[in-house]
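J.: Here you go, one structure.
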Amino acid sequence: MPIFKHPKHVCMSYWEHFCFSSKLSGFFLYKSYTAMVHAILPDFYVTSSSDTIETLQQMLKEKGCRDENDKEKIKLKNSKSM
């Protein structure tokens with residue numbers, strides 16, 4: 001029985017989830033910096049926040065479960081193994 005259930009629920013191994021979450025952490029750190037710079041100097045990083053949302057949506061779409069059918073298959077598989 002796996003220690004962590006969440007990675008499996010999003011169709012990833014522990015290692016894939018770790019790497020992706022670490023990548024997101026660095027992404028958020030950098031984007032927080034650009035948002036703060038924009039708050040102080042509005043002419044810098046003008047589209048950074050909206051670009052961040054679009055990029056994040058794309059990153060999440062491309063990783064893990066691709067569609068609702070995948071999620072349903074994983075849910076069924078997980079419920080049978082419990």
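Residues are named by chain letter and number: chains run A, B, ... in the order of the structure tokens, numbers start at 1 in each chain, and ligands are numbered from 1 in the order shown.
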Taking 6 positions as the minimum chain separation for residues in the same chain, which residues sit within 12 Å of segment 27-30 of chain A when counting only C-alpha atoms? Answer as a short mmCIF file (atom, residue, chain, number, x, y, z; two decimals) with C-alpha atoms, in the first residue's frame.

T.:
```cif
data_model
loop_
_atom_site.label_atom_id
_atom_site.label_comp_id
_atom_site.auth_asym_id
_atom_site.auth_seq_id
_atom_site.Cartn_x
_atom_site.Cartn_y
_atom_site.Cartn_z
CA PHE A 20 6.56 18.72 -10.99
CA SER A 21 5.69 20.25 -7.61
CA MET A 36 6.10 42.50 -6.49
CA VAL A 37 8.27 44.40 -8.97
CA TYR A 45 6.25 43.01 -16.03
CA SER A 48 3.23 38.98 -15.88
CA SER A 49 0.26 38.01 -13.69
CA THR A 52 1.40 33.40 -15.21
CA ILE A 53 -2.20 32.19 -15.08
CA THR A 55 1.25 29.33 -18.28
CA LEU A 56 0.11 27.59 -15.10
CA MET A 59 1.52 23.31 -17.27
#
```

J.: As a PyMOL selection string, which residues of segment 6-60 of chain A does DSSP assign to helix (DSSP H, G or I)?

T.: chain A and resi 6-9+14-40+48-60

J.: Could you save the residues just selected, with N, CA and C atoms, as a short mmCIF file (atom, residue, chain, number, x, y, z; two decimals), in the first residue's frame?

T.:
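Final output, selection.cif:
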```cif
data_model
loop_
_atom_site.label_atom_id
_atom_site.label_comp_id
_atom_site.auth_asym_id
_atom_site.auth_seq_id
_atom_site.Cartn_x
_atom_site.Cartn_y
_atom_site.Cartn_z
N HIS A 6 -2.16 10.84 -3.12
CA HIS A 6 -2.40 11.95 -4.05
C HIS A 6 -1.69 11.78 -5.40
N PRO A 7 -0.39 11.45 -5.43
CA PRO A 7 0.25 11.32 -6.76
C PRO A 7 -0.49 10.35 -7.68
N LYS A 8 -0.94 9.25 -7.13
CA LYS A 8 -1.66 8.26 -7.92
C LYS A 8 -3.00 8.83 -8.42
N HIS A 9 -3.63 9.65 -7.61
CA HIS A 9 -4.90 10.26 -7.99
C HIS A 9 -4.76 11.23 -9.16
N TYR A 14 5.35 8.99 -7.46
CA TYR A 14 5.82 9.91 -6.41
C TYR A 14 6.89 10.84 -6.97
N TRP A 15 7.85 10.26 -7.70
CA TRP A 15 8.97 11.05 -8.23
C TRP A 15 8.49 12.09 -9.24
N GLU A 16 7.59 11.71 -10.13
CA GLU A 16 7.04 12.67 -11.10
C GLU A 16 6.35 13.82 -10.37
N HIS A 17 5.57 13.47 -9.36
CA HIS A 17 4.86 14.49 -8.59
C HIS A 17 5.84 15.39 -7.86
N PHE A 18 6.88 14.81 -7.27
CA PHE A 18 7.90 15.59 -6.57
C PHE A 18 8.56 16.59 -7.52
N CYS A 19 8.99 16.11 -8.68
CA CYS A 19 9.67 16.98 -9.66
C CYS A 19 8.74 18.08 -10.16
N PHE A 20 7.50 17.72 -10.48
CA PHE A 20 6.56 18.72 -10.99
C PHE A 20 6.24 19.76 -9.91
N SER A 21 6.01 19.32 -8.69
CA SER A 21 5.69 20.25 -7.61
C SER A 21 6.89 21.15 -7.29
N SER A 22 8.09 20.60 -7.38
CA SER A 22 9.30 21.41 -7.17
C SER A 22 9.44 22.46 -8.26
N LYS A 23 9.15 22.06 -9.49
CA LYS A 23 9.19 23.00 -10.62
C LYS A 23 8.17 24.12 -10.40
N LEU A 24 6.97 23.75 -9.95
CA LEU A 24 5.95 24.76 -9.67
C LEU A 24 6.39 25.71 -8.56
N SER A 25 7.06 25.18 -7.56
CA SER A 25 7.54 26.01 -6.46
C SER A 25 8.49 27.09 -6.96
N GLY A 26 9.44 26.71 -7.80
CA GLY A 26 10.37 27.68 -8.38
C GLY A 26 9.65 28.68 -9.29
N PHE A 27 8.70 28.18 -10.05
CA PHE A 27 7.90 29.03 -10.93
C PHE A 27 7.15 30.09 -10.11
N PHE A 28 6.49 29.64 -9.03
CA PHE A 28 5.75 30.57 -8.17
C PHE A 28 6.68 31.58 -7.49
N LEU A 29 7.85 31.13 -7.08
CA LEU A 29 8.82 32.03 -6.45
C LEU A 29 9.21 33.15 -7.41
N TYR A 30 9.55 32.78 -8.63
CA TYR A 30 9.94 33.79 -9.62
C TYR A 30 8.77 34.71 -9.96
N LYS A 31 7.59 34.14 -10.14
CA LYS A 31 6.43 34.95 -10.51
C LYS A 31 6.00 35.85 -9.36
N SER A 32 6.23 35.44 -8.12
CA SER A 32 5.96 36.32 -6.98
C SER A 32 6.87 37.54 -7.03
N TYR A 33 8.13 37.30 -7.39
CA TYR A 33 9.08 38.39 -7.54
C TYR A 33 8.61 39.37 -8.62
N THR A 34 8.21 38.85 -9.78
CA THR A 34 7.79 39.74 -10.86
C THR A 34 6.51 40.51 -10.48
N ALA A 35 5.61 39.87 -9.73
CA ALA A 35 4.39 40.56 -9.30
C ALA A 35 4.72 41.69 -8.32
N MET A 36 5.69 41.45 -7.44
CA MET A 36 6.10 42.50 -6.49
C MET A 36 6.76 43.66 -7.21
N VAL A 37 7.63 43.34 -8.17
CA VAL A 37 8.27 44.40 -8.97
C VAL A 37 7.19 45.20 -9.69
N HIS A 38 6.22 44.51 -10.28
CA HIS A 38 5.14 45.19 -10.98
C HIS A 38 4.32 46.07 -10.03
N ALA A 39 4.11 45.61 -8.81
CA ALA A 39 3.35 46.41 -7.84
C ALA A 39 4.07 47.73 -7.53
N ILE A 40 5.39 47.66 -7.45
CA ILE A 40 6.18 48.86 -7.13
C ILE A 40 6.43 49.71 -8.37
N SER A 48 2.69 40.13 -16.60
CA SER A 48 3.23 38.98 -15.88
C SER A 48 2.17 38.15 -15.16
N SER A 49 1.27 38.78 -14.45
CA SER A 49 0.26 38.01 -13.69
C SER A 49 -0.68 37.25 -14.60
N SER A 50 -1.18 37.89 -15.64
CA SER A 50 -2.08 37.18 -16.56
C SER A 50 -1.32 36.12 -17.35
N ASP A 51 -0.07 36.40 -17.71
CA ASP A 51 0.75 35.39 -18.39
C ASP A 51 1.00 34.19 -17.47
N THR A 52 1.17 34.46 -16.19
CA THR A 52 1.40 33.40 -15.21
C THR A 52 0.21 32.45 -15.15
N ILE A 53 -0.98 33.01 -15.13
CA ILE A 53 -2.20 32.19 -15.08
C ILE A 53 -2.30 31.30 -16.32
N GLU A 54 -2.05 31.86 -17.47
CA GLU A 54 -2.11 31.08 -18.71
C GLU A 54 -1.05 29.98 -18.72
N THR A 55 0.16 30.32 -18.30
CA THR A 55 1.25 29.33 -18.28
C THR A 55 0.94 28.22 -17.29
N LEU A 56 0.45 28.59 -16.11
CA LEU A 56 0.11 27.59 -15.10
C LEU A 56 -0.99 26.65 -15.59
N GLN A 57 -2.01 27.20 -16.22
CA GLN A 57 -3.08 26.35 -16.77
C GLN A 57 -2.51 25.36 -17.78
N GLN A 58 -1.60 25.82 -18.62
CA GLN A 58 -1.00 24.94 -19.63
C GLN A 58 -0.14 23.87 -18.98
N MET A 59 0.66 24.26 -17.97
CA MET A 59 1.52 23.31 -17.27
C MET A 59 0.68 22.20 -16.62
N LEU A 60 -0.41 22.58 -15.98
CA LEU A 60 -1.27 21.61 -15.30
C LEU A 60 -2.00 20.72 -16.30
#
```
